[in-house]
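start-v4.cif, holding mmCIF, C-alpha atoms and all ligand atoms; chains and numbers go by the auth columns:
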```cif
data_start
loop_
_atom_site.group_PDB
_atom_site.id
_atom_site.type_symbol
_atom_site.label_atom_id
_atom_site.label_comp_id
_atom_site.label_asym_id
_atom_site.label_seq_id
_atom_site.Cartn_x
_atom_site.Cartn_y
_atom_site.Cartn_z
_atom_site.B_iso_or_equiv
_atom_site.auth_seq_id
_atom_site.auth_asym_id
ATOM 1 C CA MET A 1 85.069 77.469 118.850 0.00 1181 A
ATOM 2 C CA ILE A 2 84.143 81.079 119.608 0.00 1182 A
ATOM 3 C CA ARG A 3 82.603 80.152 122.971 0.00 1183 A
ATOM 4 C CA GLU A 4 85.693 78.244 124.138 0.00 1184 A
ATOM 5 C CA LEU A 5 87.866 81.138 123.026 0.00 1185 A
ATOM 6 C CA LEU A 6 85.775 83.768 124.839 0.00 1186 A
ATOM 7 C CA GLU A 7 86.149 81.828 128.112 0.00 1187 A
ATOM 8 C CA LYS A 8 89.901 82.492 127.980 0.00 1188 A
ATOM 9 C CA ASN A 9 89.437 86.286 128.180 0.00 1189 A
ATOM 10 C CA PRO A 10 91.113 86.956 124.807 0.00 1190 A
ATOM 11 C CA THR A 11 92.049 90.286 123.268 0.00 1191 A
ATOM 12 C CA VAL A 12 89.963 91.619 120.361 0.00 1192 A
ATOM 13 C CA ALA A 13 92.842 90.822 117.971 0.00 1193 A
ATOM 14 C CA GLU A 14 93.025 87.204 119.207 0.00 1194 A
ATOM 15 C CA VAL A 15 89.335 86.753 118.458 0.00 1195 A
ATOM 16 C CA ALA A 16 89.833 88.244 114.967 0.00 1196 A
ATOM 17 C CA ILE A 17 92.803 85.914 114.346 0.00 1197 A
ATOM 18 C CA LYS A 18 91.128 82.712 115.567 0.00 1198 A
ATOM 19 C CA CYS A 19 87.585 83.421 114.299 0.00 1199 A
ATOM 20 C CA PRO A 20 87.948 85.577 111.162 0.00 1200 A
ATOM 21 C CA ALA A 21 84.140 85.768 110.828 0.00 1201 A
ATOM 22 C CA SER A 22 84.194 87.953 113.963 0.00 1202 A
ATOM 23 C CA MET A 23 85.665 90.796 111.876 0.00 1203 A
ATOM 24 C CA GLN A 24 82.332 91.508 110.178 0.00 1204 A
ATOM 25 C CA VAL A 25 80.670 91.631 113.618 0.00 1205 A
ATOM 26 C CA PHE A 26 83.353 94.018 114.914 0.00 1206 A
ATOM 27 C CA GLU A 27 82.838 96.229 111.838 0.00 1207 A
ATOM 28 C CA LYS A 28 79.109 96.460 112.547 0.00 1208 A
ATOM 29 C CA LEU A 29 79.686 97.286 116.197 0.00 1209 A
ATOM 30 C CA GLY A 30 82.515 99.748 115.447 0.00 1210 A
ATOM 31 C CA ILE A 31 85.033 97.740 117.522 0.00 1211 A
ATOM 32 C CA ASP A 32 88.658 98.317 116.493 0.00 1212 A
ATOM 33 C CA TYR A 33 90.388 94.964 115.857 0.00 1213 A
ATOM 34 C CA CYS A 34 93.365 96.159 113.787 0.00 1214 A
ATOM 35 C CA CYS A 35 95.426 98.986 115.339 0.00 1215 A
ATOM 36 C CA GLY A 36 93.692 98.973 118.743 0.00 1216 A
ATOM 37 C CA GLY A 37 93.030 95.229 118.944 0.00 1217 A
ATOM 38 C CA GLN A 38 95.414 94.521 121.836 0.00 1218 A
ATOM 39 C CA ARG A 39 92.880 94.996 124.583 0.00 1219 A
ATOM 40 C CA PRO A 40 90.568 92.498 126.310 0.00 1220 A
ATOM 41 C CA ILE A 41 87.415 91.868 124.333 0.00 1221 A
ATOM 42 C CA ILE A 42 85.360 92.180 127.496 0.00 1222 A
ATOM 43 C CA GLU A 43 86.464 95.821 127.807 0.00 1223 A
ATOM 44 C CA ALA A 44 85.615 96.646 124.167 0.00 1224 A
ATOM 45 C CA LEU A 45 82.217 94.945 124.493 0.00 1225 A
ATOM 46 C CA SER A 46 81.241 96.698 127.697 0.00 1226 A
ATOM 47 C CA GLU A 47 81.943 100.056 126.013 0.00 1227 A
ATOM 48 C CA LYS A 48 79.416 99.116 123.321 0.00 1228 A
ATOM 49 C CA GLY A 49 76.901 97.697 125.815 0.00 1229 A
ATOM 50 C CA THR A 50 77.208 94.213 124.269 0.00 1230 A
ATOM 51 C CA SER A 51 77.514 90.959 126.233 0.00 1231 A
ATOM 52 C CA LEU A 52 79.763 87.967 125.592 0.00 1232 A
ATOM 53 C CA GLU A 53 76.668 85.877 124.828 0.00 1233 A
ATOM 54 C CA GLU A 54 75.495 88.378 122.186 0.00 1234 A
ATOM 55 C CA ILE A 55 78.892 88.433 120.521 0.00 1235 A
ATOM 56 C CA ALA A 56 79.124 84.616 120.583 0.00 1236 A
ATOM 57 C CA GLN A 57 75.773 84.335 118.799 0.00 1237 A
ATOM 58 C CA ALA A 58 76.630 87.045 116.265 0.00 1238 A
ATOM 59 C CA VAL A 59 79.963 85.396 115.436 0.00 1239 A
ATOM 60 C CA GLU A 60 78.326 81.969 115.080 0.00 1240 A
ATOM 61 C CA SER A 61 75.774 83.275 112.613 0.00 1241 A
ATOM 62 C CA ALA A 62 78.451 85.276 110.742 0.00 1242 A
ATOM 63 C CA SER A 63 80.571 82.084 110.406 0.00 1243 A
ATOM 64 C CA ALA A 64 77.586 80.177 109.052 0.00 1244 A
ATOM 65 C CA SER A 65 76.882 82.847 106.428 0.00 1245 A
ATOM 66 C CA GLU A 66 80.485 83.478 105.266 0.00 1246 A
ATOM 67 C CA PRO A 67 80.706 82.127 101.715 0.00 1247 A
ATOM 68 C CA VAL A 68 84.426 81.372 101.873 0.00 1248 A
ATOM 69 C CA GLN A 69 86.208 80.579 105.108 0.00 1249 A
ATOM 70 C CA GLU A 70 89.330 82.716 105.554 0.00 1250 A
ATOM 71 C CA ARG A 71 92.499 80.635 105.505 0.00 1251 A
ATOM 72 C CA ASP A 72 94.272 80.219 108.868 0.00 1252 A
ATOM 73 C CA TRP A 73 97.192 82.596 108.302 0.00 1253 A
ATOM 74 C CA THR A 74 98.860 81.644 111.566 0.00 1254 A
ATOM 75 C CA GLN A 75 99.735 78.290 109.932 0.00 1255 A
ATOM 76 C CA SER A 76 100.914 79.444 106.479 0.00 1256 A
ATOM 77 C CA THR A 77 104.447 80.481 105.642 0.00 1257 A
ATOM 78 C CA LEU A 78 105.197 84.204 106.018 0.00 1258 A
ATOM 79 C CA THR A 79 106.008 84.307 102.295 0.00 1259 A
ATOM 80 C CA GLU A 80 102.523 83.006 101.457 0.00 1260 A
ATOM 81 C CA LEU A 81 100.926 85.597 103.708 0.00 1261 A
ATOM 82 C CA ALA A 82 102.994 88.481 102.266 0.00 1262 A
ATOM 83 C CA ASP A 83 102.136 87.275 98.727 0.00 1263 A
ATOM 84 C CA HIS A 84 98.438 87.097 99.654 0.00 1264 A
ATOM 85 C CA ILE A 85 98.441 90.647 101.102 0.00 1265 A
ATOM 86 C CA GLU A 86 100.019 92.034 97.938 0.00 1266 A
ATOM 87 C CA ALA A 87 97.840 90.046 95.535 0.00 1267 A
ATOM 88 C CA VAL A 88 94.557 90.778 97.276 0.00 1268 A
ATOM 89 C CA TYR A 89 94.831 93.971 99.336 0.00 1269 A
ATOM 90 C CA HIS A 90 97.483 96.016 97.521 0.00 1270 A
ATOM 91 C CA THR A 91 95.935 95.152 94.152 0.00 1271 A
ATOM 92 C CA PHE A 92 92.517 96.242 95.439 0.00 1272 A
ATOM 93 C CA LEU A 93 93.886 99.608 96.622 0.00 1273 A
ATOM 94 C CA ARG A 94 95.702 100.239 93.331 0.00 1274 A
ATOM 95 C CA SER A 95 92.455 99.954 91.384 0.00 1275 A
ATOM 96 C CA GLU A 96 90.086 101.400 93.991 0.00 1276 A
ATOM 97 C CA LEU A 97 91.975 104.545 95.056 0.00 1277 A
ATOM 98 C CA PRO A 98 92.046 106.171 91.576 0.00 1278 A
ATOM 99 C CA ARG A 99 88.406 105.166 90.990 0.00 1279 A
ATOM 100 C CA LEU A 100 87.411 106.885 94.253 0.00 1280 A
ATOM 101 C CA SER A 101 89.306 110.051 93.262 0.00 1281 A
ATOM 102 C CA GLU A 102 87.298 110.251 90.043 0.00 1282 A
ATOM 103 C CA LEU A 103 84.098 109.592 91.929 0.00 1283 A
ATOM 104 C CA PHE A 104 84.886 112.479 94.312 0.00 1284 A
ATOM 105 C CA THR A 105 85.328 114.788 91.296 0.00 1285 A
ATOM 106 C CA ARG A 106 81.927 113.807 89.853 0.00 1286 A
ATOM 107 C CA VAL A 107 80.105 114.121 93.189 0.00 1287 A
ATOM 108 C CA LEU A 108 81.686 117.489 93.914 0.00 1288 A
ATOM 109 C CA GLU A 109 80.706 118.821 90.490 0.00 1289 A
ATOM 110 C CA ALA A 110 77.081 118.054 91.242 0.00 1290 A
ATOM 111 C CA HIS A 111 76.895 118.732 94.993 0.00 1291 A
ATOM 112 C CA GLU A 112 79.634 121.149 96.038 0.00 1292 A
ATOM 113 C CA ALA A 113 77.285 124.142 96.231 0.00 1293 A
ATOM 114 C CA LYS A 114 75.000 122.495 98.758 0.00 1294 A
ATOM 115 C CA HIS A 115 77.177 119.861 100.438 0.00 1295 A
ATOM 116 C CA GLY A 116 80.696 121.296 100.052 0.00 1296 A
ATOM 117 C CA HIS A 117 80.985 121.753 103.840 0.00 1297 A
ATOM 118 C CA VAL A 118 81.012 117.921 104.145 0.00 1298 A
ATOM 119 C CA LEU A 119 82.445 116.863 100.780 0.00 1299 A
ATOM 120 C CA LEU A 120 85.470 119.188 100.726 0.00 1300 A
ATOM 121 C CA PRO A 121 86.968 118.186 104.106 0.00 1301 A
ATOM 122 C CA LEU A 122 86.083 114.570 103.276 0.00 1302 A
ATOM 123 C CA ARG A 123 87.986 114.759 100.000 0.00 1303 A
ATOM 124 C CA ASP A 124 90.991 116.441 101.681 0.00 1304 A
ATOM 125 C CA THR A 125 91.206 113.658 104.260 0.00 1305 A
ATOM 126 C CA TYR A 126 90.751 111.046 101.541 0.00 1306 A
ATOM 127 C CA GLU A 127 93.491 112.586 99.371 0.00 1307 A
ATOM 128 C CA SER A 128 96.064 112.570 102.144 0.00 1308 A
ATOM 129 C CA LEU A 129 95.114 108.971 102.992 0.00 1309 A
ATOM 130 C CA GLU A 130 95.524 108.019 99.321 0.00 1310 A
ATOM 131 C CA THR A 131 98.967 109.638 99.074 0.00 1311 A
ATOM 132 C CA GLU A 132 100.138 107.980 102.279 0.00 1312 A
ATOM 133 C CA LEU A 133 98.851 104.562 101.254 0.00 1313 A
ATOM 134 C CA GLU A 134 100.620 104.690 97.910 0.00 1314 A
ATOM 135 C CA SER A 135 104.008 105.308 99.516 0.00 1315 A
ATOM 136 C CA HIS A 136 103.223 102.902 102.370 0.00 1316 A
ATOM 137 C CA MET A 137 102.549 100.017 99.952 0.00 1317 A
ATOM 138 C CA LEU A 138 105.798 100.696 98.100 0.00 1318 A
ATOM 139 C CA LYS A 139 107.769 100.530 101.366 0.00 1319 A
ATOM 140 C CA GLU A 140 106.180 97.178 102.175 0.00 1320 A
ATOM 141 C CA GLU A 141 106.677 95.802 98.674 0.00 1321 A
ATOM 142 C CA GLN A 142 110.219 97.050 98.176 0.00 1322 A
ATOM 143 C CA VAL A 143 111.695 96.872 101.675 0.00 1323 A
ATOM 144 C CA LEU A 144 109.815 95.040 104.411 0.00 1324 A
ATOM 145 C CA PHE A 145 108.170 92.126 102.592 0.00 1325 A
ATOM 146 C CA PRO A 146 111.346 91.187 100.660 0.00 1326 A
ATOM 147 C CA MET A 147 113.167 91.204 104.021 0.00 1327 A
ATOM 148 C CA ILE A 148 110.536 88.891 105.544 0.00 1328 A
ATOM 149 C CA ARG A 149 110.755 86.504 102.578 0.00 1329 A
ATOM 150 C CA ALA A 150 114.573 86.512 102.628 0.00 1330 A
ATOM 151 C CA ARG A 151 114.687 85.755 106.378 0.00 1331 A
ATOM 152 C CA GLU A 152 112.290 82.872 105.910 0.00 1332 A
ATOM 153 C CA ALA A 153 114.203 81.434 102.940 0.00 1333 A
ATOM 154 C CA ASN A 154 117.620 81.785 104.574 0.00 1334 A
ATOM 155 C CA PRO A 155 117.623 82.334 108.364 0.00 1335 A
ATOM 156 C CA SER A 156 121.428 82.702 108.490 0.00 1336 A
ATOM 157 C CA PRO A 157 123.066 85.054 111.029 0.00 1337 A
ATOM 158 C CA GLU A 158 123.910 87.561 108.246 0.00 1338 A
ATOM 159 C CA VAL A 159 120.302 87.786 107.034 0.00 1339 A
ATOM 160 C CA MET A 160 118.743 87.691 110.514 0.00 1340 A
ATOM 161 C CA GLY A 161 121.282 90.181 111.885 0.00 1341 A
ATOM 162 C CA PHE A 162 119.442 93.175 110.461 0.00 1342 A
ATOM 163 C CA PRO A 163 116.786 94.225 112.973 0.00 1343 A
ATOM 164 C CA ILE A 164 113.321 93.960 111.473 0.00 1344 A
ATOM 165 C CA GLU A 165 111.628 95.744 114.393 0.00 1345 A
ATOM 166 C CA ALA A 166 112.510 99.236 113.097 0.00 1346 A
ATOM 167 C CA PRO A 167 110.792 99.007 109.668 0.00 1347 A
ATOM 168 C CA ILE A 168 107.845 97.200 111.316 0.00 1348 A
ATOM 169 C CA SER A 169 107.312 99.985 113.810 0.00 1349 A
ATOM 170 C CA VAL A 170 107.333 102.560 110.984 0.00 1350 A
ATOM 171 C CA MET A 171 104.637 100.527 109.173 0.00 1351 A
ATOM 172 C CA GLU A 172 102.582 100.255 112.370 0.00 1352 A
ATOM 173 C CA GLN A 173 102.707 104.017 112.859 0.00 1353 A
ATOM 174 C CA GLU A 174 101.521 104.519 109.278 0.00 1354 A
ATOM 175 C CA HIS A 175 98.688 102.035 109.868 0.00 1355 A
ATOM 176 C CA LEU A 176 97.609 104.109 112.835 0.00 1356 A
ATOM 177 C CA ASN A 177 97.594 107.249 110.657 0.00 1357 A
ATOM 178 C CA ALA A 178 95.440 105.436 108.070 0.00 1358 A
ATOM 179 C CA ALA A 179 93.025 104.153 110.720 0.00 1359 A
ATOM 180 C CA ASN A 180 92.735 107.686 112.145 0.00 1360 A
ATOM 181 C CA ALA A 181 91.944 109.073 108.677 0.00 1361 A
ATOM 182 C CA LEU A 182 89.163 106.462 108.303 0.00 1362 A
ATOM 183 C CA THR A 183 87.743 107.482 111.683 0.00 1363 A
ATOM 184 C CA SER A 184 87.824 111.176 110.685 0.00 1364 A
ATOM 185 C CA MET A 185 86.002 110.380 107.438 0.00 1365 A
ATOM 186 C CA ARG A 186 83.307 108.587 109.416 0.00 1366 A
ATOM 187 C CA GLN A 187 82.981 111.621 111.721 0.00 1367 A
ATOM 188 C CA ILE A 188 82.876 114.163 108.879 0.00 1368 A
ATOM 189 C CA THR A 189 80.020 112.254 107.191 0.00 1369 A
ATOM 190 C CA GLY A 190 78.078 111.516 110.403 0.00 1370 A
ATOM 191 C CA ASN A 191 78.635 107.755 109.914 0.00 1371 A
ATOM 192 C CA TYR A 192 78.099 108.066 106.185 0.00 1372 A
ATOM 193 C CA SER A 193 74.561 109.436 106.386 0.00 1373 A
ATOM 194 C CA LEU A 194 73.446 110.499 102.942 0.00 1374 A
ATOM 195 C CA PRO A 195 71.527 113.735 102.361 0.00 1375 A
ATOM 196 C CA ASP A 196 68.019 113.376 100.893 0.00 1376 A
ATOM 197 C CA ASP A 197 69.065 114.805 97.536 0.00 1377 A
ATOM 198 C CA ALA A 198 72.033 112.441 97.057 0.00 1378 A
ATOM 199 C CA CYS A 199 72.399 111.182 93.482 0.00 1379 A
ATOM 200 C CA PRO A 200 73.485 107.609 92.625 0.00 1380 A
ATOM 201 C CA SER A 201 77.149 108.707 92.441 0.00 1381 A
ATOM 202 C CA PHE A 202 76.880 110.158 95.974 0.00 1382 A
ATOM 203 C CA HIS A 203 75.461 106.797 97.180 0.00 1383 A
ATOM 204 C CA ASN A 204 78.225 104.975 95.344 0.00 1384 A
ATOM 205 C CA LEU A 205 80.872 107.218 96.959 0.00 1385 A
ATOM 206 C CA TYR A 206 79.676 106.596 100.521 0.00 1386 A
ATOM 207 C CA GLN A 207 79.230 102.853 99.960 0.00 1387 A
ATOM 208 C CA SER A 208 82.674 102.589 98.365 0.00 1388 A
ATOM 209 C CA LEU A 209 84.326 104.530 101.198 0.00 1389 A
ATOM 210 C CA GLN A 210 82.762 102.163 103.731 0.00 1390 A
ATOM 211 C CA ALA A 211 83.956 99.162 101.709 0.00 1391 A
ATOM 212 C CA LEU A 212 87.431 100.735 101.613 0.00 1392 A
ATOM 213 C CA GLU A 213 87.323 101.161 105.397 0.00 1393 A
ATOM 214 C CA GLU A 214 86.446 97.500 106.007 0.00 1394 A
ATOM 215 C CA ASN A 215 89.006 96.298 103.480 0.00 1395 A
ATOM 216 C CA LEU A 216 91.770 98.406 105.066 0.00 1396 A
ATOM 217 C CA HIS A 217 90.887 97.175 108.558 0.00 1397 A
ATOM 218 C CA ARG A 218 91.259 93.559 107.375 0.00 1398 A
ATOM 219 C CA HIS A 219 94.485 94.409 105.554 0.00 1399 A
ATOM 220 C CA ILE A 220 96.006 96.115 108.605 0.00 1400 A
ATOM 221 C CA HIS A 221 94.805 93.255 110.835 0.00 1401 A
ATOM 222 C CA LEU A 222 96.697 90.686 108.716 0.00 1402 A
ATOM 223 C CA GLU A 223 99.864 92.779 108.912 0.00 1403 A
ATOM 224 C CA ASN A 224 99.752 94.096 112.510 0.00 1404 A
ATOM 225 C CA ASN A 225 98.280 91.039 114.207 0.00 1405 A
ATOM 226 C CA ILE A 226 99.695 88.135 112.206 0.00 1406 A
ATOM 227 C CA LEU A 227 102.493 88.940 109.738 0.00 1407 A
ATOM 228 C CA PHE A 228 104.541 91.383 111.843 0.00 1408 A
ATOM 229 C CA PRO A 229 104.421 89.500 115.185 0.00 1409 A
ATOM 230 C CA ARG A 230 105.304 86.248 113.384 0.00 1410 A
ATOM 231 C CA ALA A 231 108.213 87.951 111.579 0.00 1411 A
ATOM 232 C CA ILE A 232 109.552 89.310 114.890 0.00 1412 A
ATOM 233 C CA GLN A 233 109.128 85.931 116.572 0.00 1413 A
ATOM 234 C CA GLN A 234 110.962 84.238 113.725 0.00 1414 A
ATOM 235 C CA GLY A 235 113.968 86.492 114.376 0.00 1415 A
ATOM 236 C CA GLN A 236 113.855 85.646 118.079 0.00 1416 A
ATOM 237 C CA SER A 237 113.688 81.883 117.541 0.00 1417 A
ATOM 238 C CA ALA A 238 116.552 82.099 115.055 0.00 1418 A
ATOM 239 C CA ALA A 239 118.594 83.992 117.663 0.00 1419 A
ATOM 240 C CA TRP A 240 118.174 81.090 120.115 0.00 1420 A
ATOM 241 C CA MET A 241 119.357 78.458 117.626 0.00 1421 A
HETATM 242 FE FE FE B . 99.952 96.333 103.180 0.00 1 B
HETATM 243 FE FE FE B . 100.595 98.076 105.777 0.00 2 B
#
```
Show me, as structure tokens, the structure contained in the file I just sent.
Ligand SMILES: [Fe+2]
Ligand SMILES: [Fe+2]
Amino acid sequence: MIRELLEKNPTVAEVAIKCPASMQVFEKLGIDYCCGGQRPIIEALSEKGTSLEEIAQAVESASASEPVQERDWTQSTLTELADHIEAVYHTFLRSELPRLSELFTRVLEAHEAKHGHVLLPLRDTYESLETELESHMLKEEQVLFPMIRAREANPSPEVMGFPIEAPISVMEQEHLNAANALTSMRQITGNYSLPDDACPSFHNLYQSLQALEENLHRHIHLENNILFPRAIQQGQSAAWM
């Protein structure tokens, strides 16, 4: 599957869509598949000094070790995909973001004197990301996703007449801001390298921030690369009817 796909010179996002196991390989290599996924994979790989053969092997072994195969979201309804994003990814953020804030407080209490030069800018970046994500999720849940569901349930000229491209482009810009905040956090921490005197909470903080990063990449990938293009396409096919 992956080998046939790679022969067609796909973009990074196309590989992530068709072989979801590739996302864990891209995470390890630091290849952007969510906001910057629209470029040929060959270009992204050559920047990392990785060959097509190496990526094919890595994706094959990642697919074999994935406990649960990701559903093919290009074949579901848009309503099912929007429901899945809310149930899995928005729910995760709503419990994880406050937990991370508390963790920052504990780690700063113990380590601010010695590691404040890293922890304080890290917490500032995290706090603005948290605030933005909270309002971003509300916009999706209260405006964009209901619009997507309504268009799917009733593709009448009145419902389809409202252009969906404008709210989508606002969401895409906010995704880019979130992805940039994640990149800054990685830079501030030197790729999450822990100091020698890090306590268990410090370890927990860095591990949790990396898990948040991977989770947000997958979340943004489902929206930017599958849900939004399909919602736009749905409007276009309705216009031709
Ligand atoms: Fe979302
Ligand atoms: Fe989003």
Legend entry - For Ser1388 in chain A: contacts at 9 Å, all atoms listed in the file, fewer than 4 positions along chain excluded, given as a list in words: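 These residues fall inside the cut-off: Glu1276, Leu1280, His1383, Asn1384, Leu1392 and Glu1393 of chain A.
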Inset, instruction - Run the PyMOL selection byres (((chain A and resi 1194) around 12) and not hetatm) against the file shown and list the residues it catches, as number ranges by chain. - result: A: 1182, 1185-1186, 1188-1193, 1195-1200, 1202-1203, 1213-1214, 1216-1221, 1254, 1401-1402, 1404-1406
Selection within 7 Å of ligand FE 1 (chain B) by only C-alpha atoms and all ligand atoms, output as a CSV table (one decimal) with C-alpha atoms, in the frame of the given file:
```
chain,number,residue,atom,x,y,z
A,1265,ILE,CA,98.4,90.6,101.1
A,1266,GLU,CA,100.0,92.0,97.9
A,1269,TYR,CA,94.8,94.0,99.3
A,1270,HIS,CA,97.5,96.0,97.5
A,1317,MET,CA,102.5,100.0,100.0
A,1320,GLU,CA,106.2,97.2,102.2
A,1399,HIS,CA,94.5,94.4,105.6
A,1400,ILE,CA,96.0,96.1,108.6
A,1403,GLU,CA,99.9,92.8,108.9
```
Inset, instruction - Point out the residue among A:Val1205, A:Ala1391, A:Leu1385, A:Leu1407 with the least atom-to-atom distance to ligand FE 2 (chain B), counting all atoms listed in the file. - result: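 Using all atoms listed in the file, ligand FE 2 (chain B) sits closest to A:Leu1407.
If you measure from each of A:Lys1319, A:Arg1329, A:Arg1274, A:Arg1410 to ligand FE 2 (chain B) using only C-alpha atoms and all ligand atoms, the closest one turns out to be A:Lys1319.
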Legend entry - Exercise: range 1291-1296 of chain A partners within 12 Å, only C-alpha atoms, chain neighbours under 4 positions left out, as a PyMOL selection string: chain A and resi 1284-1287+1300-1304+1368-1369+1374-1382
